[in-house]
Every structure is written in C-alpha cells, then in structure tokens.
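**Q** So here's run.txt, just compact mmCIF, N, CA and C atoms:
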```
# COMPACT_ATOMS: atom_id res chain seq x y z
N MET A 212 29.80 42.67 150.09
CA MET A 212 28.75 41.73 150.45
C MET A 212 28.22 42.14 151.82
N PHE A 213 26.92 42.28 151.92
CA PHE A 213 26.28 42.65 153.18
C PHE A 213 25.35 41.52 153.60
N GLU A 214 25.52 41.06 154.83
CA GLU A 214 24.60 40.08 155.40
C GLU A 214 24.00 40.68 156.65
N ALA A 215 22.67 40.78 156.66
CA ALA A 215 21.98 41.35 157.82
C ALA A 215 22.33 40.55 159.07
N GLY A 216 22.59 41.25 160.15
CA GLY A 216 22.93 40.61 161.41
C GLY A 216 24.40 40.25 161.54
N LYS A 217 25.16 40.35 160.45
CA LYS A 217 26.58 40.00 160.48
C LYS A 217 27.48 41.20 160.21
N HIS A 218 27.09 42.03 159.26
CA HIS A 218 27.92 43.18 158.87
C HIS A 218 27.32 44.49 159.36
N LYS A 219 28.17 45.50 159.43
CA LYS A 219 27.73 46.81 159.92
C LYS A 219 27.02 47.65 158.87
N GLY A 220 27.24 47.39 157.61
CA GLY A 220 26.60 48.19 156.57
C GLY A 220 27.36 49.45 156.23
N GLN A 221 28.66 49.47 156.48
CA GLN A 221 29.46 50.65 156.13
C GLN A 221 29.76 50.67 154.65
N LEU A 222 29.71 51.84 154.08
CA LEU A 222 30.13 52.06 152.70
C LEU A 222 31.33 52.98 152.75
N ALA A 223 32.40 52.59 152.05
CA ALA A 223 33.61 53.39 152.10
C ALA A 223 34.31 53.39 150.75
N VAL A 224 35.05 54.45 150.50
CA VAL A 224 35.92 54.54 149.34
C VAL A 224 37.34 54.40 149.87
N ILE A 225 38.09 53.51 149.26
CA ILE A 225 39.46 53.25 149.69
C ILE A 225 40.42 53.84 148.67
N GLY A 226 41.55 54.36 149.17
CA GLY A 226 42.57 54.89 148.28
C GLY A 226 42.43 56.36 147.95
N VAL A 227 41.60 57.06 148.69
CA VAL A 227 41.39 58.49 148.46
C VAL A 227 42.31 59.28 149.38
N ARG A 228 42.93 60.30 148.84
CA ARG A 228 43.76 61.19 149.63
C ARG A 228 43.08 62.56 149.67
N GLY A 229 42.74 63.00 150.83
CA GLY A 229 42.05 64.27 150.96
C GLY A 229 40.57 64.07 151.21
N LEU A 230 39.97 65.09 151.76
CA LEU A 230 38.54 65.04 152.11
C LEU A 230 37.74 65.84 151.09
N PRO A 231 36.79 65.19 150.40
CA PRO A 231 35.97 65.94 149.43
C PRO A 231 35.01 66.88 150.14
N VAL A 232 34.47 67.83 149.40
CA VAL A 232 33.50 68.77 149.97
C VAL A 232 32.10 68.18 150.01
N GLY A 233 31.90 67.05 149.34
CA GLY A 233 30.61 66.38 149.35
C GLY A 233 30.66 65.09 148.56
N ALA A 234 29.66 64.24 148.78
CA ALA A 234 29.56 62.98 148.05
C ALA A 234 28.11 62.72 147.67
N TYR A 235 27.92 62.21 146.48
CA TYR A 235 26.62 61.80 145.98
C TYR A 235 26.69 60.31 145.71
N THR A 236 25.87 59.52 146.42
CA THR A 236 25.94 58.07 146.32
C THR A 236 24.58 57.50 145.93
N LEU A 237 24.59 56.71 144.86
CA LEU A 237 23.38 56.20 144.23
C LEU A 237 23.50 54.69 144.06
N PHE A 238 22.44 53.96 144.41
CA PHE A 238 22.37 52.51 144.25
C PHE A 238 21.38 52.21 143.13
N THR A 239 21.79 51.36 142.19
CA THR A 239 20.91 50.93 141.11
C THR A 239 20.79 49.42 141.17
N ARG A 240 19.57 48.92 141.28
CA ARG A 240 19.35 47.47 141.39
C ARG A 240 19.59 46.79 140.05
N ASP A 241 20.28 45.67 140.10
CA ASP A 241 20.40 44.78 138.95
C ASP A 241 19.18 43.88 139.00
N ALA A 242 18.24 44.06 138.08
CA ALA A 242 16.98 43.34 138.11
C ALA A 242 17.08 41.94 137.50
N ALA A 243 18.14 41.64 136.78
CA ALA A 243 18.27 40.34 136.12
C ALA A 243 18.19 39.15 137.09
N PRO A 244 18.86 39.19 138.26
CA PRO A 244 18.78 38.04 139.16
C PRO A 244 17.36 37.73 139.67
N ILE A 245 16.47 38.70 139.62
CA ILE A 245 15.09 38.44 140.05
C ILE A 245 14.17 38.23 138.84
N GLY A 246 14.79 38.06 137.66
CA GLY A 246 14.03 37.75 136.45
C GLY A 246 13.26 38.91 135.86
N LYS A 247 13.72 40.13 136.11
CA LYS A 247 13.04 41.31 135.58
C LYS A 247 14.03 42.23 134.88
N HIS A 248 13.48 43.28 134.29
CA HIS A 248 14.27 44.37 133.73
C HIS A 248 14.14 45.55 134.67
N VAL A 249 15.11 46.44 134.64
CA VAL A 249 15.06 47.58 135.56
C VAL A 249 13.80 48.43 135.32
N TRP A 250 13.31 48.48 134.09
CA TRP A 250 12.11 49.27 133.80
C TRP A 250 10.83 48.61 134.30
N ASP A 251 10.93 47.33 134.71
CA ASP A 251 9.78 46.66 135.31
C ASP A 251 9.58 47.04 136.78
N LEU A 252 10.59 47.65 137.38
CA LEU A 252 10.55 48.00 138.79
C LEU A 252 10.06 49.42 138.99
N SER A 253 9.53 49.70 140.16
CA SER A 253 9.17 51.08 140.48
C SER A 253 10.46 51.87 140.70
N TRP A 254 10.35 53.19 140.68
CA TRP A 254 11.53 54.04 140.85
C TRP A 254 12.24 53.74 142.17
N GLY A 255 11.49 53.61 143.25
CA GLY A 255 12.08 53.35 144.56
C GLY A 255 12.74 51.99 144.69
N GLU A 256 12.30 51.01 143.89
CA GLU A 256 12.94 49.70 143.89
C GLU A 256 14.20 49.68 143.04
N ALA A 257 14.20 50.46 141.97
CA ALA A 257 15.30 50.45 141.01
C ALA A 257 16.45 51.36 141.41
N VAL A 258 16.14 52.51 141.99
CA VAL A 258 17.16 53.51 142.30
C VAL A 258 16.99 53.97 143.75
N MET A 259 18.08 53.96 144.48
CA MET A 259 18.06 54.42 145.87
C MET A 259 19.24 55.36 146.09
N TRP A 260 18.99 56.45 146.76
CA TRP A 260 20.01 57.44 147.07
C TRP A 260 20.33 57.45 148.56
N LEU A 261 21.58 57.68 148.89
CA LEU A 261 21.90 58.14 150.24
C LEU A 261 21.54 59.61 150.24
N PRO A 262 21.19 60.20 151.38
CA PRO A 262 20.93 61.64 151.39
C PRO A 262 22.13 62.37 150.78
N ALA A 263 21.87 63.20 149.78
CA ALA A 263 22.96 63.84 149.04
C ALA A 263 22.81 65.35 149.07
N PRO A 264 23.91 66.07 149.19
CA PRO A 264 25.26 65.55 149.37
C PRO A 264 25.53 65.16 150.83
N THR A 265 26.32 64.12 151.00
CA THR A 265 26.78 63.75 152.33
C THR A 265 28.19 64.29 152.53
N MET A 266 28.57 64.41 153.78
CA MET A 266 29.92 64.85 154.11
C MET A 266 30.69 63.64 154.64
N PRO A 267 31.47 62.97 153.78
CA PRO A 267 32.20 61.78 154.21
C PRO A 267 33.22 62.11 155.29
N LYS A 268 33.63 61.07 156.02
CA LYS A 268 34.63 61.21 157.08
C LYS A 268 35.64 60.08 156.95
N PHE A 269 36.91 60.39 157.27
CA PHE A 269 37.94 59.36 157.26
C PHE A 269 37.89 58.55 158.54
N SER A 270 38.12 57.23 158.40
CA SER A 270 38.23 56.33 159.53
C SER A 270 39.09 55.15 159.10
N ASP A 271 40.21 54.96 159.79
CA ASP A 271 41.12 53.85 159.49
C ASP A 271 41.54 53.81 158.02
N GLY A 272 41.83 54.97 157.43
CA GLY A 272 42.30 55.03 156.05
C GLY A 272 41.21 54.86 155.00
N ARG A 273 39.96 54.82 155.44
CA ARG A 273 38.83 54.68 154.51
C ARG A 273 37.95 55.92 154.60
N LEU A 274 37.43 56.32 153.47
CA LEU A 274 36.51 57.45 153.43
C LEU A 274 35.09 56.90 153.58
N LEU A 275 34.51 57.05 154.77
CA LEU A 275 33.17 56.53 155.06
C LEU A 275 32.11 57.44 154.43
N LEU A 276 31.21 56.85 153.67
CA LEU A 276 30.17 57.63 153.00
C LEU A 276 28.95 57.86 153.89
N LEU A 277 28.78 57.03 154.90
CA LEU A 277 27.69 57.19 155.87
C LEU A 277 28.28 57.57 157.22
N PRO A 278 27.70 58.53 157.91
CA PRO A 278 28.24 58.89 159.22
C PRO A 278 28.13 57.76 160.23
N GLN A 279 27.08 56.93 160.12
CA GLN A 279 26.88 55.79 161.01
C GLN A 279 26.62 54.57 160.15
N ALA A 280 27.14 53.44 160.57
CA ALA A 280 26.91 52.20 159.83
C ALA A 280 25.44 51.82 159.89
N GLU A 281 24.87 51.53 158.73
CA GLU A 281 23.48 51.11 158.66
C GLU A 281 23.24 50.40 157.34
N PRO A 282 22.34 49.43 157.30
CA PRO A 282 22.05 48.78 156.03
C PRO A 282 21.32 49.75 155.11
N VAL A 283 21.73 49.78 153.86
CA VAL A 283 21.13 50.70 152.91
C VAL A 283 19.88 50.10 152.29
N GLN A 284 19.91 48.82 152.00
CA GLN A 284 18.78 48.16 151.36
C GLN A 284 18.56 46.82 152.02
N PRO A 285 17.48 46.66 152.77
CA PRO A 285 17.26 45.40 153.46
C PRO A 285 16.88 44.25 152.53
N ALA A 286 16.39 44.53 151.32
CA ALA A 286 16.00 43.48 150.39
C ALA A 286 17.24 42.84 149.76
N ALA A 287 17.20 41.51 149.63
CA ALA A 287 18.31 40.81 149.01
C ALA A 287 18.42 41.20 147.54
N GLY A 288 19.65 41.24 147.03
CA GLY A 288 19.84 41.55 145.63
C GLY A 288 21.23 42.09 145.34
N ARG A 289 21.46 42.34 144.06
CA ARG A 289 22.73 42.90 143.59
C ARG A 289 22.47 44.34 143.15
N PHE A 290 23.34 45.23 143.61
CA PHE A 290 23.22 46.65 143.29
C PHE A 290 24.55 47.16 142.76
N ILE A 291 24.49 48.15 141.90
CA ILE A 291 25.67 48.86 141.46
C ILE A 291 25.65 50.20 142.21
N VAL A 292 26.72 50.47 142.94
CA VAL A 292 26.83 51.72 143.70
C VAL A 292 27.70 52.67 142.88
N THR A 293 27.18 53.85 142.65
CA THR A 293 27.94 54.90 141.96
C THR A 293 28.13 56.04 142.95
N CYS A 294 29.37 56.45 143.12
CA CYS A 294 29.67 57.53 144.06
C CYS A 294 30.45 58.62 143.35
N ALA A 295 29.93 59.84 143.42
CA ALA A 295 30.61 61.00 142.88
C ALA A 295 31.15 61.82 144.05
N LEU A 296 32.48 61.88 144.15
CA LEU A 296 33.12 62.70 145.18
C LEU A 296 33.41 64.06 144.57
N VAL A 297 32.94 65.10 145.23
CA VAL A 297 33.11 66.47 144.73
C VAL A 297 34.25 67.12 145.49
N TRP A 298 35.23 67.64 144.73
CA TRP A 298 36.44 68.21 145.32
C TRP A 298 36.45 69.73 145.32
N GLN A 299 35.61 70.36 144.50
CA GLN A 299 35.55 71.82 144.43
C GLN A 299 34.13 72.26 144.79
N LYS A 300 34.04 73.13 145.77
CA LYS A 300 32.72 73.55 146.27
C LYS A 300 31.84 74.15 145.17
N ASP A 301 32.41 74.93 144.26
CA ASP A 301 31.60 75.53 143.21
C ASP A 301 31.10 74.50 142.19
N ALA A 302 31.67 73.30 142.19
CA ALA A 302 31.20 72.25 141.29
C ALA A 302 29.85 71.70 141.74
N ILE A 303 29.52 71.84 143.03
CA ILE A 303 28.22 71.36 143.51
C ILE A 303 27.08 72.11 142.80
N ALA A 304 27.25 73.39 142.59
CA ALA A 304 26.22 74.18 141.90
C ALA A 304 26.04 73.71 140.45
N ARG A 305 27.10 73.24 139.83
CA ARG A 305 27.01 72.73 138.45
C ARG A 305 26.46 71.31 138.40
N LEU A 306 26.63 70.58 139.49
CA LEU A 306 26.26 69.17 139.53
C LEU A 306 24.84 68.95 140.05
N ASP A 307 24.50 69.57 141.16
CA ASP A 307 23.24 69.32 141.84
C ASP A 307 22.12 70.16 141.23
N PRO A 308 21.04 69.52 140.77
CA PRO A 308 19.94 70.27 140.17
C PRO A 308 19.20 71.18 141.15
N ARG A 309 19.46 71.03 142.45
CA ARG A 309 18.80 71.87 143.46
C ARG A 309 19.58 73.14 143.75
N GLY A 310 20.76 73.31 143.16
CA GLY A 310 21.52 74.53 143.36
C GLY A 310 22.81 74.32 144.11
N GLY A 311 23.45 75.43 144.49
CA GLY A 311 24.79 75.42 145.04
C GLY A 311 24.97 74.99 146.48
N ALA A 312 23.97 75.11 147.31
CA ALA A 312 24.11 74.73 148.72
C ALA A 312 22.89 73.93 149.17
N PRO A 313 22.64 72.77 148.54
CA PRO A 313 21.44 72.01 148.88
C PRO A 313 21.59 71.29 150.21
N PRO A 314 20.49 71.19 150.96
CA PRO A 314 20.55 70.36 152.18
C PRO A 314 20.57 68.91 151.75
N PRO A 315 21.16 68.02 152.55
CA PRO A 315 21.15 66.60 152.19
C PRO A 315 19.72 66.10 151.99
N GLY A 316 19.51 65.41 150.89
CA GLY A 316 18.18 64.88 150.59
C GLY A 316 18.25 63.82 149.52
N ILE A 317 17.13 63.21 149.25
CA ILE A 317 17.01 62.17 148.25
C ILE A 317 16.56 62.81 146.94
N LEU A 318 17.22 62.48 145.85
CA LEU A 318 16.84 63.03 144.55
C LEU A 318 15.75 62.15 143.93
N ASP A 319 14.70 62.80 143.41
CA ASP A 319 13.63 62.06 142.75
C ASP A 319 14.06 61.71 141.32
N GLU A 320 13.16 61.12 140.56
CA GLU A 320 13.49 60.66 139.22
C GLU A 320 13.94 61.80 138.30
N GLN A 321 13.22 62.90 138.32
CA GLN A 321 13.57 64.04 137.47
C GLN A 321 14.91 64.65 137.87
N LYS A 322 15.14 64.83 139.15
CA LYS A 322 16.40 65.41 139.62
C LYS A 322 17.57 64.45 139.39
N THR A 323 17.31 63.13 139.49
CA THR A 323 18.37 62.16 139.20
C THR A 323 18.78 62.24 137.74
N SER A 324 17.82 62.36 136.86
CA SER A 324 18.11 62.48 135.43
C SER A 324 18.98 63.71 135.17
N ARG A 325 18.60 64.83 135.77
CA ARG A 325 19.36 66.08 135.61
C ARG A 325 20.77 65.93 136.23
N PHE A 326 20.84 65.30 137.40
CA PHE A 326 22.12 65.08 138.07
C PHE A 326 23.06 64.28 137.18
N LEU A 327 22.56 63.17 136.61
CA LEU A 327 23.41 62.32 135.78
C LEU A 327 23.87 63.04 134.51
N THR A 328 23.01 63.87 133.94
CA THR A 328 23.41 64.68 132.79
C THR A 328 24.50 65.67 133.20
N ASN A 329 24.31 66.34 134.33
CA ASN A 329 25.32 67.29 134.82
C ASN A 329 26.63 66.58 135.15
N LEU A 330 26.55 65.39 135.72
CA LEU A 330 27.75 64.64 136.04
C LEU A 330 28.54 64.30 134.79
N ARG A 331 27.84 63.86 133.76
CA ARG A 331 28.52 63.56 132.50
C ARG A 331 29.19 64.81 131.93
N ARG A 332 28.50 65.93 131.99
CA ARG A 332 29.08 67.18 131.46
C ARG A 332 30.33 67.60 132.23
N LEU A 333 30.31 67.42 133.54
CA LEU A 333 31.49 67.80 134.34
C LEU A 333 32.66 66.86 134.10
N THR A 334 32.39 65.56 134.00
CA THR A 334 33.49 64.61 133.85
C THR A 334 34.02 64.55 132.42
N GLU A 335 33.23 65.00 131.44
CA GLU A 335 33.67 65.00 130.05
C GLU A 335 33.89 66.42 129.53
N ASP A 336 34.24 67.33 130.42
CA ASP A 336 34.44 68.74 130.08
C ASP A 336 35.59 68.89 129.07
N LYS A 337 35.27 69.27 127.86
CA LYS A 337 36.28 69.39 126.80
C LYS A 337 37.27 70.54 127.05
N PHE A 338 36.82 71.55 127.77
CA PHE A 338 37.69 72.71 128.02
C PHE A 338 38.50 72.55 129.30
N LYS A 339 38.30 71.45 130.00
CA LYS A 339 39.05 71.10 131.21
C LYS A 339 38.88 72.11 132.35
N LYS A 340 37.82 72.93 132.30
CA LYS A 340 37.56 73.88 133.38
C LYS A 340 37.24 73.14 134.68
N TRP A 341 36.57 72.00 134.57
CA TRP A 341 36.15 71.24 135.75
C TRP A 341 37.00 70.00 135.97
N GLN A 342 38.17 69.98 135.35
CA GLN A 342 39.07 68.84 135.51
C GLN A 342 39.39 68.64 136.99
N ASP A 343 39.28 67.43 137.46
CA ASP A 343 39.55 67.05 138.85
C ASP A 343 38.55 67.63 139.85
N ALA A 344 37.43 68.17 139.38
CA ALA A 344 36.41 68.70 140.30
C ALA A 344 35.57 67.58 140.90
N VAL A 345 35.43 66.48 140.15
CA VAL A 345 34.60 65.36 140.58
C VAL A 345 35.30 64.06 140.22
N THR A 346 35.27 63.11 141.15
CA THR A 346 35.79 61.76 140.91
C THR A 346 34.62 60.80 141.02
N VAL A 347 34.48 59.92 140.03
CA VAL A 347 33.38 58.95 140.04
C VAL A 347 33.94 57.55 140.20
N SER A 348 33.33 56.78 141.11
CA SER A 348 33.72 55.38 141.26
C SER A 348 32.46 54.53 141.34
N ARG A 349 32.63 53.25 140.97
CA ARG A 349 31.50 52.31 141.00
C ARG A 349 31.95 51.02 141.67
N ALA A 350 31.00 50.35 142.29
CA ALA A 350 31.28 49.06 142.93
C ALA A 350 30.00 48.25 143.02
N GLU A 351 30.16 46.96 143.24
CA GLU A 351 29.02 46.09 143.49
C GLU A 351 28.67 46.10 144.97
N TYR A 352 27.40 46.03 145.26
CA TYR A 352 26.91 45.93 146.63
C TYR A 352 25.90 44.79 146.62
N ILE A 353 26.21 43.70 147.26
CA ILE A 353 25.35 42.53 147.26
C ILE A 353 24.77 42.34 148.64
N VAL A 354 23.47 42.22 148.71
CA VAL A 354 22.77 41.99 149.97
C VAL A 354 22.28 40.54 149.97
N LYS A 355 22.76 39.78 150.95
CA LYS A 355 22.31 38.40 151.09
C LYS A 355 21.19 38.34 152.12
N ALA A 356 20.24 37.47 151.85
CA ALA A 356 19.10 37.31 152.77
C ALA A 356 19.54 36.60 154.04
```
Kindly transcribe the structure held in the file into structure tokens.
**A**
Amino acid sequence: MFEAGKHKGQLAVIGVRGLPVGAYTLFTRDAAPIGKHVWDLSWGEAVMWLPAPTMPKFSDGRLLLLPQAEPVQPAAGRFIVTCALVWQKDAIARLDPRGGAPPPGILDEQKTSRFLTNLRRLTEDKFKKWQDAVTVSRAEYIVKA
C-alpha cells in the first residue's frame, strides 16, 4: 500500500538469496475498480515499466528494485506488479527483445508483447536449459489518494 506523503515508494523482493544480474518490473493496472476494462485504457495507463533491466541492490535483507525510493504511479488505483529476476547473464539476450546488453529503458507495447512471450518460453523450458535462469514473482501495489 502506497500513500503519497506517507510512504517512500520502495519496491522490494523479500526472501531472495543472491544478487540477480538484472530485473524487469512491470505494473499492470486493474481497471475494474474504476469501472473499466484494461482494453479501455491507453497503453501508458494500463501498463507501466520501471526502466529495464534494473540492477537491484540489497538493503536490510530486502532486494530493492529501485535505486532510490520514489512513487511509481501517482494516480490512485490497484496494480499487479510482475518482477522477473534474471540470474544468468546470457538469459537476458533470450528474454529482452532489444538484445543481450540493453541499456535500461521502458518497453513499448510491441516489445512488451515479445518480452512476455520470451518470459513464458524461458520459464516453461521443456528441455530445462534455462532452468533457474529467471524467477518471476507477482504482488499487489495499491496507491491511495
């Protein structure tokens, strides 16, 4: 739960041992509380990225996804946060549609679609070549006005 003026806006993964080589963090708005469907929203309202890949840092036993605390979405609402932690450097080239050493940036609609397809392929790898290369977690992020 994030309340402007009260919380720092830190996003963290708890219970992780080790430092990943990168993180991809995506926010998807739940449009139901505002009486809409996600397809009724513009791309920028429905999907928001942290610059990806980010290099998380440990602090007090938590893996911080943002180098500095800041609010991610100033608009009130409920969001689902999906975070893919990448543990093998060569997996970034398989995951990121921009290639193996992309600078941190925001993925557009087309690149997000490709990213999600690549993520599914890596996490459901039948031959287990990419087993443990990526860890995916999800959480709720609620912004109160």
**Q** Counting all atoms listed in the file, which residues of segment 260-337 of chain A fall within 6.5 Å of segment 228-247 of chain A, and what is the closest atom pair for each with its distance in Å at one decimal, ordered by chain and rising number, as CSV?
**A**
```
residue,atom,partner,partner_atom,distance
A:Trp260,CA,A:Leu237,CA,4.6
A:Leu261,N,A:Thr236,C,4.2
A:Pro262,C,A:Thr236,N,6.4
A:Ala263,CA,A:Tyr235,CA,5.2
A:Pro264,CA,A:Ala234,C,4.4
A:Thr265,N,A:Ala234,N,4.0
A:Met266,CA,A:Gly233,CA,5.0
A:Pro267,N,A:Ala234,N,5.5
A:Gly288,C,A:Asp241,N,6.4
A:Arg289,C,A:Asp241,N,4.0
A:Phe290,CA,A:Thr239,C,4.3
A:Ile291,N,A:Thr239,C,4.0
A:Val292,CA,A:Leu237,C,4.5
A:Thr293,N,A:Leu237,C,4.0
A:Cys294,CA,A:Thr236,CA,4.4
A:Ala295,N,A:Tyr235,C,4.0
A:Leu296,CA,A:Ala234,CA,4.6
A:Val297,C,A:Val232,N,4.0
A:Trp298,CA,A:Val232,N,4.5
A:Gln299,N,A:Val232,N,5.6
A:Lys300,N,A:Val232,CA,6.1
```
**Q** Name the closest residue to Ala287 of chain A among the candidates A:Arg305, A:Lys355, A:Lys340, A:His248; distances are taken between atoms, counting only N, CA and C atoms.
**A** A:Lys355
**Q** For atom CA of Arg309 of chain A and atom N of Trp254 of chain A, determine how far apart the two atoms are, in Å to one decimal place.
**A**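 Interatomic distance here is 20.7 Å.
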**Q** Have a look at atom CA of Trp341 of chain A and atom C of Arg325 of chain A and let me know their distance in Å, one decimal.
**A**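 Between atom CA of Trp341 of chain A and atom C of Arg325 of chain A the gap is 16.3 Å.
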**Q** Write out as a ChimeraX atom specification the set of residues from segment 220-330 of chain A that DSSP, computed on the backbone, places in alpha helix (DSSP H).
**A** /A:254-257,300-306,320-330
**Q** Would you mind telling me which residue in A:Val258, A:Leu306, A:Leu277, A:Val224 lies nearest to Leu327 of chain A when using only N, CA and C atoms?
**A**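 Once distances to Leu327 of chain A are computed over only N, CA and C atoms, the minimum belongs to A:Leu306.
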**Q** Quote the spacing between atom C of Asp271 of chain A and atom C of Gly311 of chain A in Å to one decimal place.
**A** 29.3 Å
**Q** Assuming 3 Å of padding per side, give the centre and edge lengths of the axis-aligned box around every listed atom of segment 231-243 of chain A, in Å to one decimal and as JSON.
**A**
```
{"center_x": 26.9, "center_y": 54.0, "center_z": 143.3, "size_x": 25.8, "size_y": 35.6, "size_z": 20.3}
```
**Q** Would you mind telling me which residue in A:Val354, A:Phe338, A:Gly226, A:Lys322 lies nearest to Leu274 of chain A when using all atoms listed in the file?
**A**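 Closest to Leu274 of chain A, using all atoms listed in the file: A:Gly226.
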**Q** Determine which residues of segment 275-327 of chain A DSSP labels as strand (DSSP E or B) from the backbone of this structure, then write them out as a ChimeraX atom specification.
**A** /A:275,288-297,316
**Q** With only C-alpha atoms as the atoms that count, which of A:Ala286, A:Met259, A:Ser348, A:Asp336 lies nearest to Gly316 of chain A?
**A**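 Of A:Ala286, A:Met259, A:Ser348, A:Asp336, the one nearest Gly316 of chain A, counting only C-alpha atoms, is A:Met259.
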